[in-house]
Each structure stands twice: as C-alpha cells, then as structure tokens.
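See structure below.
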Amino acid sequence: MSDSPAIAHGAPTEAGHSHGEHPAYQRHHFETVEQQADATNFAMWLFLLTEIMFFGGLFTAYLILRNWYYPAFVAASHQLNVGWGTANTAVLITSSFTMAMGVWCSEMRNKSGLVLSLVLTFILGLVFLGIKSIEYHEKWEKHHIPGMHYSMQNFTDPQSDPETYNEYHDKPMALDMARHTELYFFLYFAMTGMHAVHMIIGIAILGFMVFRAKAGAYTTGHVTFVENFGLYWHFVDIIWIFLFPLLYLISRHQ
Amino acid sequence: MSEQNEHGVAEQQTHHEEHEHHIVSPMVYLAIVLALFVGTALTVWASYIDLGVWNPVIALAIACTKATLVVLFFMHVKYSTKLTKLTVISGLFTFMALIGMTLSDYISRAWGRW
C-alpha cells in the first residue's frame, strides 16, 4: 500500500527524477541518505538489545546455578580444554578485525579488499566452528552430553579420567552433588550452542555477501548492509568474550 | 512545485540533527585487535593464579574491558549519533536492572539454604 509510490519512484532505471538529485539507494520515506543510515543503525542496535536480553537470561541462569551447585560447576568446568578455548577466542577476535577491515574497504570503495576481508571472515568463522566441533565430540565420547546417556562417573570417581585428574586432582563428589554436573553441561551446550547458531547464520550471510560484493555491491557508497552485518558479527564476538572466561577460566585455579 | 519546496525546507531543518559518516582508520582497528589479544592472554594467565573470590571478578573486569573496546571502536559507537549511544547505554542499564532484580530476589529468599 504505502510502499507503492516508493517502488514507482525508486526504480533504479529512472532517468528524470522529479525529487531532486539523490542516490538510487535512498528510500523515499527518508529525507537524506544520512537520515536513512542513522535510522537503519538505530534499528540494528534495537535488534542487538533483544539479543543481549536473550543471552542475558542464559548468563543469569549460569550465575545462579553456579552459586547453588558450586562444587559440581567447578569440577565440570575442569572438563573444558583451555587450549582450544583460547585458540577459538583468538580466531574470533581476528575475524572481528577482518570484518572491521571489510567495513573500511566498503567505505573506501575498495572492491577486492572487501571481497578478501569477507572471505577471510568467512573462513575464520568456519575455523571457529571446526574447533567447537572437536570440543563437542570429546564431550560426546565422555558421555558429558546431558540426557539419557549422561555419565557422572568422571565426577564420582575422578581417577577414571586420568588426564583431567592429573591436572586438577579433584576429590570424588557425592552423588547428589555430582548429578548437578549435568546442569553445567546443559548450560554449556545451551550457551555455546546458541552462540554457534549465531555464527552459522553469520557465516551464511557472509557467503551471500561475498557473491554480492564480487558483483560490485557495497562499494558504491552504500555501506549500510556491510556496516550492520559488522555490528552483528562483533556482537557475536562479544558474547564469546564473556562465555570464554565464565565457562573455561574462572575455576581453573581450583 | 510545492512538493519540491517542502522537500527542500525539510532537508534544511533536519540537517543539523544528522551525522557525518565517520570512517575509522585501519590503524585504530589494528590497535584494538592487539589490545584484545593482550586482554585474552592476560585473562588466561590470571586464571591459573589462585586469587580466591577475585578470580571471577578479574576475569569479568577484563571481559568488560574487551567488550567496551569492541563496542566503542569495532562497532563505531564512539563515533555514532547520540541516539545510538543512548540506545546502547539504555540497553545495558535495562540488562543490569533485570539481573540485579533477579539476584536480589534470590539473595533475599534462600541464599545458602539449597
């Protein structure tokens, strides 16, 4: 309904435009390109706020349950591999940098630079998921995935898992505490899993953007899409910046 | 044409509220990514030292610092409009208020009795 005038006027082939000079990508309900960019940026941030609230619920659950079942959460977190976690943090930070460079290339109208930045970000995203899948597979092998086949043997009898035992010397836990390790792994999979879902969505959009960028999109002065995707990608990075210490690190010294 | 005039007037009126697109230089991005690497190394190193209750506090302090750097520079909030800044701040405020109210509920009811 209200879209029809915009479609009629906004066709890219228009020659004699009656509304004065403005780029083809400016929608007609905006006064200026700057106003359009500001409004889109505002909308993207509102979306990210809903994401903060979504992950915030998971973080709050983790905070409360960790305080309730502290010994179980400490022992269960000893099962995570700090080496893989640190490597993945480095991978994700680097991908945020390549994404930021992509935004810069888009602003500079540097097509080959933009394509390179997007491809690098795409690859680093896949590397992150690859490392995550190695970690998940280890949990699968040790029966640490919550559900029917969950085993708390490594916590009632820590010496059954020599690799972890030699590093942390955890004491055997009573059954009623050991069973709460399943809650830790439930939150671990819920939080890193939702983070991974966001990565997968991001990687899919990156793949789409690589093809569009090769065709010359985003380097014509209209950087909004790349810029707002950058906001999304950096947001996913921020979630990991909090997940990494909270899940992997804060019980290392015990 | 009256429509054209209206358009022109509106453009002038809104101009002062608008925002010049600021391009952040690659050197800034490079400095931030290096700071993030240092922060990561620092938080991993600190996690192996027994600091008692301070371990999670330090881990979260480093994480908040890293997140602030990402928000201000990678996400351009430092160079954004007041509207964007206000949106980010109000989002964080709401988030803290929700966590604070949830925790005060747990603390005042049954803390230590589970």
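Naming works like this for the structure tokens: A, B, ... for the chains as they're shown, residue 1 at the start of each chain, ligands 1 onward in shown order.
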
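Close contacts of range 138-146 of chain A, defined as residues with an atom at most 9 Å away when counting only C-alpha atoms, with chain neighbours fewer than 3 positions off set aside, comprise Gln79, Leu80, Ser133, Ile134, Glu135, His149, Tyr150, Ser151, Met152, Asn154, Thr181, Glu182, Leu183, Phe185, Phe186 and Phe189 of chain A.
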
Practice problem: Using only C-alpha atoms, find which residues of chain B lie within 8 Å of chain A and jot them down as a ChimeraX atom specification. | Solution: /B:4,7,10-11,18-21,23-26,29-30,33,36-37,40,43-44,47-50,55-56,59-60,63-64,66-67,70-71,74-75,81,83-84,87-88,91,95,99,103,112,114

Quiz item: Within 9 Å of range 193-209 of chain A, counting only C-alpha atoms, which residues qualify if same-chain residues fewer than 5 places away don't, as an MDAnalysis selection string?
Solution: chainID A and resid 55 115 118:119 121:123 125:126 128:129 132 188 214 217:218 226 229 232:233 236 239:240

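With only C-alpha atoms as the atoms that count, the residue of A:Ala215, A:Arg27, A:Ser117, A:Leu65 with the shortest distance to Tyr106 in chain B is A:Leu65.
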
Practice problem: Could you pull out the residues in range 143-172 of chain A that DSSP calls alpha helix (DSSP H) from the backbone, as a PyMOL selection string? | Solution: chain A and resi 153-156+162-168
